[in-house]
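One structure below.
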Amino acid sequence: MKVLPFIYLAYMFIGLYMTSFFLILYFKNRRTLFNTPKPDRHYDVSVLIPAYNEQDTIEGTVKAVLSSKYPLKEVIVINDGSRDRTKEIVQELMKKHPKLKLLDKPNSGKANSVNQGFEMAKSELVVVVDADGYPANEAIGNMVGYFNDNKMAAVTALITPKNRSRFIEKLQTYEYPIISWTRKLLGYVKGIYVNPGAMSMYRREAILKVGGFDPANMTEDIEMTWKLAYNDYHRGVSLTAKDKTEVPSTLGKWWKQRVRWNLGGLQTIMKYKSLFLKKGMLGCFILPFFVISLLLGLVGLSIFTYLATRRLASTFLTTSYSIYANVSPVALSELSITPTVLNFFGVALFALGLFFTYFGIMSVGEGEILKKRNLFNLLFYLIVYLTIYPTIMITSVYKYIKGDIGWGTKDYKLKQKH
């Protein structure tokens with residue numbers, strides 16, 4: 001009995017199931033996707049901008065934050081030992097903006113910087129914005145109302161690329177809206193697995209209680225989200241809070257960033273692995289969802305590699321033998337165009353993926369990228385760009401096993417302030 005068709009069918013079934021799952025969530029909740037709860041009282045808000053060698057973007061980010069329609073108590077730039085002009089640029093801006101503050105410290109990584117920023121902040125709600133992020137002026141105000149829920153600890157914005165001219169940047173304009181859209185849908189089942197560091201708002205008290213961000217994790221935002229889920233805090237997404245961020249502009253930078261993301265994900269999985277199928281949504285949904293997504297990519301790549309290698313080997317051997325025997329390498333009677341069940345499921349999965357991508361992008365109001373980008377870009381994104389992801393995971397797994405994490409500092413605990 002051949003095993004491969006059954007593996008292939010199982011792979012297709014899971015893929016179709018997960019895509020259908022998100023579409024069902026959408027159609028059930030489509031009328032509330034863009035609801036923006038109004039705050040039931042005034043909340044003090046501080047903004048933290050961790051920065052390391054960000055002289056090219058820090059001024060634009062600070063000005064974007066300060067243009068917020070929602071009144072801010074303070075904006076704190078945390079200079080993490082920058083070796084360029086980041087500190088000097090911020091000091092010049094401080095002369096014009098009294099709410100702008102600078103925390104200058106030796107380099108210790110983003111998580112440690114943010115932890116120190118939370119200690120320094122004086123507000124109930126704290127927004128963390130990357131130093132190459134550009135929040136819309138209504139973004140912060142559209143996130144505050146979510147904290148009417150006393151258990152809400154983290155809310156993230158709709159993150160989209162700012163730079164969109166190069167080919168690798170154009171491909172990411174498809175990816176980022178889909179990520180935010182699916183994350184919003186997961187919020188309806190309390191399954192949000194990351195509040196990204198590009199721009200997220202936190203309840204300061206909750207971050208203090210759980211001990212702050214983990215400096216040893218390469219994706220401290222993922223680990224914090226899981227930590228909040230473990231402690232039964234709620235997480236949310238506001239699709240009306242928009243933030244544009246600088247995305248990698250070269251294949252090398254993109255690859256390095258995605259390997260880091262995967263390494264951080266692996267670190268987080270291993271940290272919480274004992275909760276698998278335990279402890280509410282974290283153990284019964286988020287952790288299995290992460291693991292299944294990882295396995296799907298690896299199995300899919302393995303099947304593709306096996307079939308491609310077998311086909312190449314068969315073609316090579318057949319052609320070599322035909323030439324040696326002086327016969328035609330291909331006979332018309334051997335050509336088969338009869339569709340199989342596997343072909344049908346493969347086409348169905350691709351078509352559903354195409355529909356899913358188109359629908360998600362349109363749903364979050366980023367439809368203009370479908371008009372500006374040609375069909376080749378979209379097909380390249382679906383066929384090539386997404387296919388590369390399993391190879392990134394293989395690289396990440398290898399680095400993780402090897403211990404080549406890249407950075408990590410000793411554990412750091414926030415001092416809870418009463």
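Going through the structure tokens in order, the chains are called A, B, and so on, while each chain numbers its residues from 1 and the ligands are numbered from 1 in the order shown.
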(message) I need the residues of stretch 8-204 of chain A that end up classed as strand (DSSP E) by DSSP on the backbone, written out as JSON, numbers by chain.
(response) {"A": [45, 46, 47, 48, 49, 50, 51, 74, 75, 76, 77, 78, 79, 80, 100, 101, 102, 103, 104, 105, 125, 126, 127, 128, 129, 133, 134, 135, 152, 153, 154, 155, 156, 157, 158, 159, 160, 161, 199, 200, 201, 202, 203]}
(request) Name all residues at most 8 Å from A:Leu72 (count only C-alpha atoms; drop same-chain ones fewer than 2 positions away) and give them as a list of chain:residue names. (result)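 Close residues of A:Leu72: A:Asp44, A:Val45, A:Ser46, A:Val47, A:Leu66, A:Ser68, A:Tyr70, A:Glu74, A:Val75, A:Lys99.
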Restrict the selected residues to N, CA and C atoms and save them as a CSV table (one decimal), in the first residue's frame.
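Heads up, here's the output in out.csv:
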```
chain,number,residue,atom,x,y,z
A,44,ASP,N,-4.4,57.6,30.8
A,44,ASP,CA,-3.1,58.2,30.5
A,44,ASP,C,-2.3,57.2,29.7
A,45,VAL,N,-1.6,57.7,28.6
A,45,VAL,CA,-0.9,56.9,27.7
A,45,VAL,C,0.6,57.4,27.6
A,46,SER,N,1.5,56.5,27.7
A,46,SER,CA,2.9,56.7,27.4
A,46,SER,C,3.3,55.9,26.2
A,47,VAL,N,4.3,56.4,25.5
A,47,VAL,CA,4.8,55.7,24.3
A,47,VAL,C,6.3,55.5,24.5
A,66,LEU,N,4.1,61.9,17.9
A,66,LEU,CA,3.7,63.1,18.6
A,66,LEU,C,2.5,63.8,17.9
A,68,SER,N,-0.2,62.3,17.3
A,68,SER,CA,-1.3,61.5,17.7
A,68,SER,C,-2.5,62.5,18.1
A,70,TYR,N,-4.8,61.5,20.0
A,70,TYR,CA,-5.1,61.2,21.4
A,70,TYR,C,-4.0,61.8,22.3
A,74,GLU,N,3.5,61.2,27.7
A,74,GLU,CA,5.0,61.3,27.5
A,74,GLU,C,5.3,60.4,26.3
A,75,VAL,N,6.4,60.7,25.7
A,75,VAL,CA,7.0,59.8,24.7
A,75,VAL,C,8.5,59.6,25.1
A,99,LYS,N,7.1,66.9,25.8
A,99,LYS,CA,6.7,65.6,26.2
A,99,LYS,C,7.7,64.5,25.9
```
(request) Tell me which of A:Ile361, A:Thr225, A:Ser314, A:Asn137 sits closest to A:Ile179, counting only C-alpha atoms. (result) A:Ile361
Please provide as a compact mmCIF listing (two decimals) with N, CA and C atoms, in the first residue's frame all residues within 10 Å of A:Arg258, with the sequence filter that same-chain residues fewer than 5 positions apart are discarded (counting only C-alpha atoms).
```txt
# COMPACT_ATOMS: atom_id res chain seq x y z
N PRO A 248 12.11 44.73 5.36
CA PRO A 248 13.40 44.45 4.71
C PRO A 248 13.34 44.74 3.21
N LYS A 253 18.36 40.66 4.03
CA LYS A 253 17.78 41.21 5.26
C LYS A 253 16.45 40.51 5.58
N LEU A 263 13.33 31.42 14.94
CA LEU A 263 14.10 31.02 16.12
C LEU A 263 13.38 31.43 17.41
N GLY A 264 12.85 32.64 17.43
CA GLY A 264 12.10 33.08 18.60
C GLY A 264 10.86 32.23 18.83
N TYR A 389 9.16 29.58 2.82
CA TYR A 389 9.06 29.59 4.28
C TYR A 389 9.53 28.31 4.95
N ILE A 392 13.17 28.31 5.42
CA ILE A 392 13.58 29.19 6.51
C ILE A 392 13.46 28.45 7.83
N MET A 393 12.38 27.69 7.99
CA MET A 393 12.19 26.93 9.22
C MET A 393 13.28 25.87 9.38
N SER A 396 16.25 27.55 10.60
CA SER A 396 16.05 27.97 11.99
C SER A 396 16.19 26.78 12.94
```
(message) Would you pick out the contacts of A:Pro135 at 8 Å or less, using only C-alpha atoms, so that residues sharing its chain but fewer than 2 positions from it are not included, and give the list as number ranges by chain?
(response) A: 61, 64-65, 133, 137, 139-140, 199, 241-244
Could you write out the selected residues, including N, CA and C atoms, as a PDB file, in the first residue's frame?
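Once written, part-v4.pdb looks like this:
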```
ATOM      1  N   THR A  61       9.671  58.773  13.006  1.00  0.00           N
ATOM      2  CA  THR A  61       8.857  58.004  13.949  1.00  0.00           C
ATOM      3  C   THR A  61       8.389  58.874  15.102  1.00  0.00           C
ATOM      4  N   ALA A  64       5.722  61.234  13.960  1.00  0.00           N
ATOM      5  CA  ALA A  64       4.458  60.529  13.718  1.00  0.00           C
ATOM      6  C   ALA A  64       3.750  60.245  15.036  1.00  0.00           C
ATOM      7  N   VAL A  65       4.497  59.829  16.049  1.00  0.00           N
ATOM      8  CA  VAL A  65       3.907  59.539  17.357  1.00  0.00           C
ATOM      9  C   VAL A  65       3.359  60.807  17.993  1.00  0.00           C
ATOM     10  N   GLY A 133       8.765  52.789  12.732  1.00  0.00           N
ATOM     11  CA  GLY A 133       7.327  52.707  12.554  1.00  0.00           C
ATOM     12  C   GLY A 133       6.705  54.090  12.450  1.00  0.00           C
ATOM     13  N   ASN A 137      -2.248  59.164  12.851  1.00  0.00           N
ATOM     14  CA  ASN A 137      -2.530  60.042  14.000  1.00  0.00           C
ATOM     15  C   ASN A 137      -3.740  59.591  14.815  1.00  0.00           C
ATOM     16  N   ALA A 139      -4.304  56.273  15.351  1.00  0.00           N
ATOM     17  CA  ALA A 139      -4.031  54.887  15.730  1.00  0.00           C
ATOM     18  C   ALA A 139      -4.134  54.658  17.238  1.00  0.00           C
ATOM     19  N   ILE A 140      -3.438  55.460  18.016  1.00  0.00           N
ATOM     20  CA  ILE A 140      -3.431  55.255  19.470  1.00  0.00           C
ATOM     21  C   ILE A 140      -4.831  55.426  20.055  1.00  0.00           C
ATOM     22  N   MET A 199       4.046  47.786  16.705  1.00  0.00           N
ATOM     23  CA  MET A 199       3.209  48.723  17.455  1.00  0.00           C
ATOM     24  C   MET A 199       2.167  47.951  18.247  1.00  0.00           C
ATOM     25  N   ALA A 241      -6.610  50.959  13.800  1.00  0.00           N
ATOM     26  CA  ALA A 241      -5.353  51.574  14.256  1.00  0.00           C
ATOM     27  C   ALA A 241      -4.261  51.140  13.284  1.00  0.00           C
ATOM     28  N   LYS A 242      -3.839  52.055  12.440  1.00  0.00           N
ATOM     29  CA  LYS A 242      -2.907  51.693  11.365  1.00  0.00           C
ATOM     30  C   LYS A 242      -1.500  52.206  11.646  1.00  0.00           C
ATOM     31  N   ASP A 243      -0.548  51.336  11.344  1.00  0.00           N
ATOM     32  CA  ASP A 243       0.858  51.682  11.539  1.00  0.00           C
ATOM     33  C   ASP A 243       1.655  51.168  10.349  1.00  0.00           C
ATOM     34  N   LYS A 244       2.429  52.030   9.743  1.00  0.00           N
ATOM     35  CA  LYS A 244       3.299  51.610   8.638  1.00  0.00           C
ATOM     36  C   LYS A 244       4.706  51.399   9.180  1.00  0.00           C
TER      37      LYS A 244
END
```
(request) From stretch 64-204 of chain A, collect each residue whose DSSP state is alpha helix (DSSP H) and return the set as a PyMOL selection string. (result) chain A and resi 64-66+86-94+110-120+141-144+167-187+204
Keeping only C-alpha atoms, take the residues you just selected and write them out as a PDB file, in the first residue's frame.
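What ended up in selection29.pdb:
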```
ATOM      1  CA  ALA A  64       4.458  60.529  13.718  1.00  0.00           C
ATOM      2  CA  VAL A  65       3.907  59.539  17.357  1.00  0.00           C
ATOM      3  CA  LEU A  66       3.723  63.141  18.565  1.00  0.00           C
ATOM      4  CA  THR A  86      20.225  58.648  17.103  1.00  0.00           C
ATOM      5  CA  LYS A  87      20.839  60.255  20.501  1.00  0.00           C
ATOM      6  CA  GLU A  88      21.742  63.651  19.054  1.00  0.00           C
ATOM      7  CA  ILE A  89      18.667  63.726  16.817  1.00  0.00           C
ATOM      8  CA  VAL A  90      16.372  62.967  19.753  1.00  0.00           C
ATOM      9  CA  GLN A  91      18.038  65.627  21.903  1.00  0.00           C
ATOM     10  CA  GLU A  92      17.388  68.215  19.188  1.00  0.00           C
ATOM     11  CA  LEU A  93      13.731  67.166  18.985  1.00  0.00           C
ATOM     12  CA  MET A  94      13.399  67.440  22.777  1.00  0.00           C
ATOM     13  CA  LYS A 110      15.214  45.496  22.774  1.00  0.00           C
ATOM     14  CA  ALA A 111      13.501  43.455  25.497  1.00  0.00           C
ATOM     15  CA  ASN A 112      15.724  44.856  28.233  1.00  0.00           C
ATOM     16  CA  SER A 113      15.260  48.380  26.848  1.00  0.00           C
ATOM     17  CA  VAL A 114      11.491  48.041  26.837  1.00  0.00           C
ATOM     18  CA  ASN A 115      11.558  46.650  30.378  1.00  0.00           C
ATOM     19  CA  GLN A 116      13.439  49.705  31.585  1.00  0.00           C
ATOM     20  CA  GLY A 117      10.999  51.890  29.687  1.00  0.00           C
ATOM     21  CA  PHE A 118       8.071  50.276  31.506  1.00  0.00           C
ATOM     22  CA  GLU A 119       9.771  51.063  34.805  1.00  0.00           C
ATOM     23  CA  MET A 120      10.203  54.690  33.768  1.00  0.00           C
ATOM     24  CA  GLY A 141      -6.903  56.668  20.090  1.00  0.00           C
ATOM     25  CA  ASN A 142      -8.480  53.726  18.275  1.00  0.00           C
ATOM     26  CA  MET A 143      -6.736  51.229  20.587  1.00  0.00           C
ATOM     27  CA  VAL A 144      -7.507  52.778  23.992  1.00  0.00           C
ATOM     28  CA  PHE A 167      10.154  43.554  -5.608  1.00  0.00           C
ATOM     29  CA  ILE A 168      10.768  41.973  -2.177  1.00  0.00           C
ATOM     30  CA  GLU A 169       8.926  44.913  -0.582  1.00  0.00           C
ATOM     31  CA  LYS A 170       5.957  44.487  -2.933  1.00  0.00           C
ATOM     32  CA  LEU A 171       5.647  40.841  -1.942  1.00  0.00           C
ATOM     33  CA  GLN A 172       5.448  41.847   1.711  1.00  0.00           C
ATOM     34  CA  THR A 173       2.551  44.193   0.931  1.00  0.00           C
ATOM     35  CA  TYR A 174       0.479  41.028   0.373  1.00  0.00           C
ATOM     36  CA  GLU A 175       1.807  39.304   3.473  1.00  0.00           C
ATOM     37  CA  TYR A 176       1.400  41.937   6.182  1.00  0.00           C
ATOM     38  CA  PRO A 177      -2.347  42.674   5.710  1.00  0.00           C
ATOM     39  CA  ILE A 178      -3.102  38.929   5.671  1.00  0.00           C
ATOM     40  CA  ILE A 179      -1.194  38.480   8.943  1.00  0.00           C
ATOM     41  CA  SER A 180      -3.177  41.284  10.628  1.00  0.00           C
ATOM     42  CA  TRP A 181      -6.465  39.993   9.199  1.00  0.00           C
ATOM     43  CA  THR A 182      -5.953  36.415  10.404  1.00  0.00           C
ATOM     44  CA  ARG A 183      -4.741  37.705  13.786  1.00  0.00           C
ATOM     45  CA  LYS A 184      -7.948  39.727  14.151  1.00  0.00           C
ATOM     46  CA  LEU A 185     -10.030  36.649  13.306  1.00  0.00           C
ATOM     47  CA  LEU A 186      -8.152  34.570  15.887  1.00  0.00           C
ATOM     48  CA  GLY A 187      -9.124  37.168  18.461  1.00  0.00           C
ATOM     49  CA  ARG A 204       1.391  48.502  32.332  1.00  0.00           C
TER      50      ARG A 204
END
```
(message) Measuring between only C-alpha atoms, which one of A:Val62, A:Ser123, A:Trp261, A:Ser200 shows the shortest distance to A:Leu100?
(response)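 Answer, going by the shortest atom-to-atom distance: A:Val62.
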(request) Name the residues in contact with stretch 293-298 of chain A at a cut-off of 7 Å, using only C-alpha atoms, excluding same-chain residues fewer than 3 positions from it; report them as a list in words. (result)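 Everything that qualifies: Tyr11, Phe289, Phe290, Leu301, Ser302 and Pro390 of chain A.
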(message) Just to confirm, what's the straight-line distance from atom CA of A:Lys96 to atom CA of A:Pro71 in Å (one decimal)?
(response) 16.7 Å
(request) Within 9 Å of A:Asp221, counting only C-alpha atoms, which residues show up once you throw out same-chain ones fewer than 4 positions away? Write them as a PyMOL selection string, please. (result) chain A and resi 111+194-197+213-214+217+225-226
(message) Which residue is closest to A:Asn163? Choose from A:Tyr8, A:Phe359, A:Tyr134, A:Phe147 and count only C-alpha atoms.
(response)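 Counting only C-alpha atoms, the residue closest to A:Asn163 is A:Tyr134.
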(message) Calculated over only C-alpha atoms, which of the candidates A:Val155, A:Val247, A:Thr387, A:Leu370 has the smallest distance to A:Thr305?
(response)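 Closest candidate: A:Thr387.
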Tell me which protein, DNA and RNA residues are within 9 Å of A:Asn79, counting only C-alpha atoms, leaving out same-chain ones fewer than 3 positions away, and put them as an mmCIF file with N, CA and C atoms, in the first residue's frame.
```
data_model
loop_
_atom_site.group_PDB
_atom_site.id
_atom_site.type_symbol
_atom_site.label_atom_id
_atom_site.label_comp_id
_atom_site.auth_asym_id
_atom_site.auth_seq_id
_atom_site.Cartn_x
_atom_site.Cartn_y
_atom_site.Cartn_z
ATOM 1 N N ILE A 49 9.766 54.159 22.523
ATOM 2 C CA ILE A 49 10.365 53.923 21.210
ATOM 3 C C ILE A 49 11.788 53.412 21.434
ATOM 4 N N PRO A 50 11.991 52.097 21.501
ATOM 5 C CA PRO A 50 13.346 51.564 21.637
ATOM 6 C C PRO A 50 14.114 51.764 20.334
ATOM 7 N N ALA A 51 15.362 52.227 20.427
ATOM 8 C CA ALA A 51 16.106 52.564 19.212
ATOM 9 C C ALA A 51 17.565 52.138 19.331
ATOM 10 N N TYR A 52 18.042 51.502 18.283
ATOM 11 C CA TYR A 52 19.462 51.160 18.193
ATOM 12 C C TYR A 52 19.928 51.468 16.776
ATOM 13 N N ASN A 53 20.783 52.487 16.648
ATOM 14 C CA ASN A 53 21.302 52.905 15.335
ATOM 15 C C ASN A 53 20.162 53.193 14.352
ATOM 16 N N SER A 82 23.232 53.300 20.910
ATOM 17 C CA SER A 82 23.450 53.551 19.481
ATOM 18 C C SER A 82 24.830 54.152 19.233
ATOM 19 N N THR A 86 21.574 58.788 16.545
ATOM 20 C CA THR A 86 20.225 58.648 17.103
ATOM 21 C C THR A 86 20.024 59.532 18.328
ATOM 22 N N LYS A 87 20.954 59.477 19.269
ATOM 23 C CA LYS A 87 20.839 60.255 20.501
ATOM 24 C C LYS A 87 20.803 61.754 20.214
ATOM 25 N N LEU A 102 14.271 61.167 26.866
ATOM 26 C CA LEU A 102 15.311 60.254 26.387
ATOM 27 C C LEU A 102 15.839 59.415 27.538
ATOM 28 N N LEU A 103 15.835 58.113 27.337
ATOM 29 C CA LEU A 103 16.496 57.191 28.256
ATOM 30 C C LEU A 103 17.716 56.647 27.532
ATOM 31 N N ASP A 104 18.884 57.119 27.927
ATOM 32 C CA ASP A 104 20.129 56.721 27.276
ATOM 33 C C ASP A 104 20.795 55.627 28.105
ATOM 34 N N LYS A 105 21.084 54.491 27.498
ATOM 35 C CA LYS A 105 21.594 53.341 28.232
ATOM 36 C C LYS A 105 22.556 52.547 27.375
ATOM 37 N N PRO A 106 23.410 51.717 28.007
ATOM 38 C CA PRO A 106 24.286 50.831 27.238
ATOM 39 C C PRO A 106 23.456 49.796 26.475
ATOM 40 N N ASN A 107 24.023 49.286 25.408
ATOM 41 C CA ASN A 107 23.321 48.301 24.586
ATOM 42 C C ASN A 107 23.049 47.020 25.376
ATOM 43 N N SER A 113 15.551 46.946 27.005
ATOM 44 C CA SER A 113 15.260 48.380 26.848
ATOM 45 C C SER A 113 13.800 48.666 27.154
#
```
